[in-house]
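run02.csv follows (CSV, N, CA and C atoms):
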chain,number,residue,atom,x,y,z
A,1,THR,N,0.8,-1.2,0.0
A,1,THR,CA,0.0,0.0,0.0
A,1,THR,C,0.9,1.2,0.0
A,2,ILE,N,0.5,2.2,-0.9
A,2,ILE,CA,1.3,3.4,-1.0
A,2,ILE,C,0.7,4.5,-0.2
A,3,SER,N,-0.6,4.5,-0.1
A,3,SER,CA,-1.3,5.6,0.6
A,3,SER,C,-2.3,5.1,1.6
A,4,TRP,N,-2.6,5.9,2.6
A,4,TRP,CA,-3.6,5.6,3.6
A,4,TRP,C,-4.5,6.9,3.7
A,5,LYS,N,-5.7,6.6,4.1
A,5,LYS,CA,-6.6,7.8,4.4
A,5,LYS,C,-7.1,7.6,5.9
A,6,TYR,N,-6.9,8.7,6.6
A,6,TYR,CA,-7.3,8.7,8.0
A,6,TYR,C,-8.0,10.0,8.4
A,7,ASP,N,-9.1,9.8,9.1
A,7,ASP,CA,-9.9,11.0,9.5
A,7,ASP,C,-9.5,11.4,10.9
A,8,PHE,N,-8.9,12.5,11.1
A,8,PHE,CA,-8.4,13.0,12.4
A,8,PHE,C,-9.4,13.7,13.2
A,9,ARG,N,-10.6,13.9,12.7
A,9,ARG,CA,-11.6,14.6,13.4
A,9,ARG,C,-12.1,13.7,14.6
A,10,THR,N,-12.6,14.4,15.6
A,10,THR,CA,-13.1,13.7,16.8
A,10,THR,C,-14.5,13.2,16.6
A,11,LYS,N,-14.7,11.9,16.9
A,11,LYS,CA,-16.0,11.3,16.7
A,11,LYS,C,-17.0,11.7,17.8
A,12,ALA,N,-18.2,12.1,17.4
A,12,ALA,CA,-19.2,12.5,18.3
A,12,ALA,C,-20.5,11.6,18.0
A,13,VAL,N,-21.0,11.0,19.0
A,13,VAL,CA,-22.2,10.2,18.8
A,13,VAL,C,-23.4,11.0,19.3
A,14,PRO,N,-24.4,11.4,18.5
A,14,PRO,CA,-25.5,12.2,18.9
A,14,PRO,C,-26.4,11.4,19.9
A,15,ALA,N,-26.9,12.1,20.9
A,15,ALA,CA,-27.9,11.5,21.8
A,15,ALA,C,-29.2,11.9,21.3
A,16,LYS,N,-30.2,10.9,21.4
A,16,LYS,CA,-31.5,11.1,20.9
A,16,LYS,C,-32.2,12.1,21.8
A,17,PRO,N,-32.9,13.1,21.2
A,17,PRO,CA,-33.7,14.0,22.0
A,17,PRO,C,-34.8,13.2,22.7
A,18,SER,N,-35.3,13.7,23.8
A,18,SER,CA,-36.4,13.0,24.5
A,18,SER,C,-37.7,13.7,24.1
A,19,PHE,N,-38.8,12.9,24.1
A,19,PHE,CA,-40.1,13.5,23.7
A,19,PHE,C,-41.1,13.1,24.7
A,20,SER,N,-42.1,14.1,25.0
A,20,SER,CA,-43.2,13.8,25.9
A,20,SER,C,-44.5,14.2,25.1
A,21,GLY,N,-45.2,13.1,24.7
A,21,GLY,CA,-46.5,13.4,24.0
A,21,GLY,C,-47.5,13.9,25.0
A,22,LYS,N,-47.5,13.6,26.3
A,22,LYS,CA,-48.5,14.1,27.2
A,22,LYS,C,-48.3,15.5,27.5
A,23,LYS,N,-47.0,16.0,27.5
A,23,LYS,CA,-46.8,17.4,27.8
A,23,LYS,C,-46.5,18.2,26.5
A,24,ASN,N,-46.6,17.6,25.3
A,24,ASN,CA,-46.3,18.2,24.1
A,24,ASN,C,-45.0,19.0,24.2
A,25,SER,N,-43.9,18.3,24.6
A,25,SER,CA,-42.6,18.9,24.8
A,25,SER,C,-41.5,18.0,24.3
A,26,TYR,N,-40.4,18.6,24.0
A,26,TYR,CA,-39.2,17.8,23.7
A,26,TYR,C,-38.0,18.4,24.4
A,27,THR,N,-37.0,17.6,24.6
A,27,THR,CA,-35.8,18.1,25.3
A,27,THR,C,-34.6,17.8,24.3
A,28,ILE,N,-33.8,18.8,24.0
A,28,ILE,CA,-32.6,18.7,23.2
A,28,ILE,C,-31.5,18.5,24.2
A,29,PRO,N,-30.7,17.4,24.1
A,29,PRO,CA,-29.6,17.1,25.0
A,29,PRO,C,-28.4,18.0,24.7
A,30,LYS,N,-27.6,18.1,25.7
A,30,LYS,CA,-26.3,18.8,25.5
A,30,LYS,C,-25.2,17.8,25.3
A,31,LYS,N,-24.6,17.9,24.1
A,31,LYS,CA,-23.6,16.9,23.7
A,31,LYS,C,-22.5,17.6,23.0
A,32,GLN,N,-21.3,17.4,23.5
A,32,GLN,CA,-20.1,18.0,22.9
A,32,GLN,C,-19.9,17.6,21.5
A,33,GLY,N,-19.7,18.5,20.6
A,33,GLY,CA,-19.4,18.2,19.2
A,33,GLY,C,-20.7,18.1,18.3
A,34,VAL,N,-21.9,18.3,19.0
A,34,VAL,CA,-23.1,18.1,18.2
A,34,VAL,C,-24.0,19.3,18.4
A,35,LYS,N,-24.6,19.8,17.3
A,35,LYS,CA,-25.7,20.8,17.3
A,35,LYS,C,-26.9,20.1,16.8
A,36,TYR,N,-28.1,20.5,17.4
A,36,TYR,CA,-29.3,20.0,17.0
A,36,TYR,C,-30.2,21.0,16.3
A,37,TYR,N,-30.9,20.5,15.3
A,37,TYR,CA,-31.8,21.4,14.5
A,37,TYR,C,-33.2,20.7,14.5
A,38,VAL,N,-34.2,21.6,14.6
A,38,VAL,CA,-35.6,21.1,14.6
A,38,VAL,C,-36.2,21.8,13.4
A,39,ASP,N,-36.7,21.0,12.4
A,39,ASP,CA,-37.2,21.5,11.2
A,39,ASP,C,-36.3,22.5,10.5
A,40,GLY,N,-35.0,22.2,10.6
A,40,GLY,CA,-34.0,23.0,9.9
A,40,GLY,C,-33.5,24.2,10.7
A,41,ARG,N,-34.0,24.5,11.9
A,41,ARG,CA,-33.6,25.6,12.7
A,41,ARG,C,-32.8,25.2,13.9
A,42,TYR,N,-31.7,25.8,14.2
A,42,TYR,CA,-30.9,25.4,15.3
A,42,TYR,C,-31.6,25.6,16.6
A,43,LYS,N,-31.5,24.7,17.5
A,43,LYS,CA,-32.1,24.7,18.9
A,43,LYS,C,-31.0,24.4,19.9
A,44,PRO,N,-30.6,25.3,20.8
A,44,PRO,CA,-29.7,24.9,21.9
A,44,PRO,C,-30.3,23.9,22.8
A,45,ALA,N,-29.5,23.3,23.7
A,45,ALA,CA,-29.9,22.3,24.6
A,45,ALA,C,-31.0,23.0,25.5
A,46,GLY,N,-32.0,22.2,25.8
A,46,GLY,CA,-33.1,22.7,26.7
A,46,GLY,C,-34.4,22.0,26.4
A,47,THR,N,-35.5,22.4,27.1
A,47,THR,CA,-36.8,21.8,26.9
A,47,THR,C,-37.7,22.8,26.2
A,48,TYR,N,-38.4,22.4,25.2
A,48,TYR,CA,-39.3,23.2,24.4
A,48,TYR,C,-40.7,22.6,24.3
A,49,ARG,N,-41.7,23.5,24.2
A,49,ARG,CA,-43.1,23.0,24.0
A,49,ARG,C,-43.5,23.2,22.5
A,50,THR,N,-44.4,22.4,22.1
A,50,THR,CA,-44.9,22.5,20.8
A,50,THR,C,-46.4,22.2,20.8
A,51,SER,N,-47.1,22.3,19.7
A,51,SER,CA,-48.6,22.1,19.7
A,51,SER,C,-48.9,20.6,19.4
A,52,ASN,N,-50.1,20.2,19.9
A,52,ASN,CA,-50.6,18.9,19.8
A,52,ASN,C,-50.8,18.5,18.3
A,53,GLY,N,-50.4,17.3,17.9
A,53,GLY,CA,-50.5,16.9,16.5
A,53,GLY,C,-49.4,17.4,15.6
A,54,LYS,N,-48.5,18.2,16.0
A,54,LYS,CA,-47.4,18.7,15.2
A,54,LYS,C,-46.4,17.6,15.0
A,55,LYS,N,-45.9,17.5,13.8
A,55,LYS,CA,-44.8,16.5,13.4
A,55,LYS,C,-43.5,17.3,13.2
A,56,LEU,N,-42.5,17.0,14.0
A,56,LEU,CA,-41.2,17.7,13.9
A,56,LEU,C,-40.1,16.7,13.5
A,57,LYS,N,-39.1,17.3,12.7
A,57,LYS,CA,-38.0,16.5,12.3
A,57,LYS,C,-36.8,17.1,13.1
A,58,PHE,N,-36.0,16.2,13.7
A,58,PHE,CA,-34.9,16.5,14.5
A,58,PHE,C,-33.6,16.0,13.8
A,59,THR,N,-32.6,16.9,13.6
A,59,THR,CA,-31.4,16.5,12.9
A,59,THR,C,-30.2,16.9,13.8
A,60,ALA,N,-29.2,16.0,13.9
A,60,ALA,CA,-28.0,16.4,14.5
A,60,ALA,C,-26.9,16.6,13.5
A,61,ARG,N,-26.1,17.6,13.7
A,61,ARG,CA,-25.0,17.9,12.8
A,61,ARG,C,-23.7,18.2,13.7
A,62,ALA,N,-22.6,18.0,13.1
A,62,ALA,CA,-21.3,18.3,13.8
A,62,ALA,C,-21.2,19.8,14.1
A,63,SER,N,-20.8,20.1,15.3
A,63,SER,CA,-20.8,21.5,15.7
A,63,SER,C,-19.6,22.3,15.0
A,64,SER,N,-18.6,21.6,14.5
A,64,SER,CA,-17.5,22.3,13.8
A,64,SER,C,-16.8,21.3,12.9
A,65,PRO,N,-16.0,21.8,12.0
A,65,PRO,CA,-15.3,20.8,11.1
A,65,PRO,C,-14.3,19.9,11.8
A,66,SER,N,-14.0,20.1,13.1
A,66,SER,CA,-13.1,19.2,13.8
A,66,SER,C,-13.8,18.0,14.4
A,67,TYR,N,-15.2,17.9,14.2
A,67,TYR,CA,-16.0,16.8,14.7
A,67,TYR,C,-16.6,16.1,13.5
A,68,ARG,N,-16.8,14.8,13.7
A,68,ARG,CA,-17.6,14.0,12.7
A,68,ARG,C,-18.6,13.2,13.5
A,69,LEU,N,-19.8,13.0,12.9
A,69,LEU,CA,-20.8,12.3,13.6
A,69,LEU,C,-20.8,10.8,13.3
A,70,SER,N,-21.2,10.0,14.3
A,70,SER,CA,-21.3,8.6,14.1
A,70,SER,C,-22.6,8.1,14.7
A,71,GLY,N,-23.3,7.2,14.0
A,71,GLY,CA,-24.6,6.7,14.5
A,71,GLY,C,-25.8,7.5,13.9
A,72,THR,N,-26.9,7.3,14.6
A,72,THR,CA,-28.2,7.9,14.1
A,72,THR,C,-28.1,9.5,14.3
A,73,ALA,N,-28.5,10.2,13.3
A,73,ALA,CA,-28.4,11.7,13.3
A,73,ALA,C,-29.7,12.4,13.0
A,74,SER,N,-30.8,11.6,12.8
A,74,SER,CA,-32.1,12.3,12.6
A,74,SER,C,-33.3,11.4,13.1
A,75,TRP,N,-34.3,12.1,13.6
A,75,TRP,CA,-35.5,11.5,14.2
A,75,TRP,C,-36.7,12.3,13.9
A,76,THR,N,-37.8,11.7,13.8
A,76,THR,CA,-39.1,12.4,13.5
A,76,THR,C,-40.1,12.0,14.6
A,77,TYR,N,-40.9,13.0,15.1
A,77,TYR,CA,-41.8,12.7,16.2
A,77,TYR,C,-43.1,13.5,15.9
A,78,ARG,N,-44.2,12.8,16.1
A,78,ARG,CA,-45.5,13.5,16.0
A,78,ARG,C,-46.1,13.6,17.4
A,79,PHE,N,-46.4,14.8,17.9
A,79,PHE,CA,-46.9,15.1,19.2
A,79,PHE,C,-48.4,14.9,19.3
If you took the structure in this file and wrote it as structure tokens, what would it be?
Amino acid sequence: TISWKYDFRTKAVPAKPSFSGKKNSYTIPKKQGVKYYVDGRYKPAGTYRTSNGKKLKFTARASSPSYRLSGTASWTYRF
């Protein structure tokens, strides 16, 4: 072998947001190297309310070029 390819970025595994159908709320976790987006809009870690019957798409992305994601990075939930 003459060449090798190695990814020097730090691996980050996104944590799944938690959902409460009874309270119509979701919680974005705090995870180093990961930013969370809800329907394409950035949401910092915390708990948020939404309306009943609403369907939301949650997406995790690397917070900077020095991180790479590993594992599941998107979820959908209907409240």
Discussion item. What's the separation between atom N of Thr10 of chain A and atom CA of Tyr26 of chain A, in Å to one decimal place?
Written reply: 28.0 Å
Worksheet entry | Between atom CA of Arg9 of chain A and atom N of Thr47 of chain A - distance in Å to one decimal | 28.6 Å
Discussion item. As a ChimeraX atom specification, please: every residue in chain A that a backbone DSSP assignment puts in strand (DSSP E).
Written reply: /A:10-12,18-20,25-28,34-38,41-43,46-49,55-62,67-69,74-78
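Counting only C-alpha atoms and comparing A:Phe79, A:Tyr37, A:Trp4, A:Phe58, the residue that lies closest to Lys16 of chain A is A:Phe58.
Minimum atom-to-atom distance to Ala60 of chain A, evaluated using only C-alpha atoms, belongs to A:Lys43 out of A:Arg78, A:Lys43, A:Lys23, A:Lys5.
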Discussion item. Within 6.5 Å of (-22.2, 12.9, 20.9) in the file's own coordinates, which protein, DNA or RNA residues have an atom, counting only N, CA and C atoms? List them as number ranges by chain.
Written reply: A: 11-15, 31-34
Item to complete: One decimal, Å: what's the distance from atom N of Ala62 of chain A over to atom CA of Arg41 of chain A, could you say?
Response: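 These two atoms are separated by 13.4 Å.
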Worksheet item: Residues around (-32.2, 19.0, 26.0), cut-off 8 Å, counting all atoms listed in the file - what are they as an MDAnalysis selection string?
Response: chainID A and resid 17:18 26:31 44:48
So that I have them on file, write out the residues from the current selection with N, CA and C atoms, as a short mmCIF file (atom, residue, chain, number, x, y, z; two decimals), keeping the file's coordinate frame.
data_model
loop_
_atom_site.label_atom_id
_atom_site.label_comp_id
_atom_site.auth_asym_id
_atom_site.auth_seq_id
_atom_site.Cartn_x
_atom_site.Cartn_y
_atom_site.Cartn_z
N PRO A 17 -32.90 13.10 21.20
CA PRO A 17 -33.70 14.00 22.00
C PRO A 17 -34.80 13.20 22.70
N SER A 18 -35.30 13.70 23.80
CA SER A 18 -36.40 13.00 24.50
C SER A 18 -37.70 13.70 24.10
N TYR A 26 -40.40 18.60 24.00
CA TYR A 26 -39.20 17.80 23.70
C TYR A 26 -38.00 18.40 24.40
N THR A 27 -37.00 17.60 24.60
CA THR A 27 -35.80 18.10 25.30
C THR A 27 -34.60 17.80 24.30
N ILE A 28 -33.80 18.80 24.00
CA ILE A 28 -32.60 18.70 23.20
C ILE A 28 -31.50 18.50 24.20
N PRO A 29 -30.70 17.40 24.10
CA PRO A 29 -29.60 17.10 25.00
C PRO A 29 -28.40 18.00 24.70
N LYS A 30 -27.60 18.10 25.70
CA LYS A 30 -26.30 18.80 25.50
C LYS A 30 -25.20 17.80 25.30
N LYS A 31 -24.60 17.90 24.10
CA LYS A 31 -23.60 16.90 23.70
C LYS A 31 -22.50 17.60 23.00
N PRO A 44 -30.60 25.30 20.80
CA PRO A 44 -29.70 24.90 21.90
C PRO A 44 -30.30 23.90 22.80
N ALA A 45 -29.50 23.30 23.70
CA ALA A 45 -29.90 22.30 24.60
C ALA A 45 -31.00 23.00 25.50
N GLY A 46 -32.00 22.20 25.80
CA GLY A 46 -33.10 22.70 26.70
C GLY A 46 -34.40 22.00 26.40
N THR A 47 -35.50 22.40 27.10
CA THR A 47 -36.80 21.80 26.90
C THR A 47 -37.70 22.80 26.20
N TYR A 48 -38.40 22.40 25.20
CA TYR A 48 -39.30 23.20 24.40
C TYR A 48 -40.70 22.60 24.30
#
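Checking A:Leu56, A:Ser51, A:Gly21, A:Ser63 one by one against Trp75 of chain A, counting all atoms listed in the file, you find the shortest gap at A:Leu56.
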Item to complete: Could you tell me which of A:Ser25, A:Tyr36, A:Asn52, A:Tyr42 comes closest to Ala73 of chain A if we count only C-alpha atoms?
Response: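 Going through A:Ser25, A:Tyr36, A:Asn52, A:Tyr42 one by one, the smallest distance to Ala73 of chain A is for A:Tyr36.
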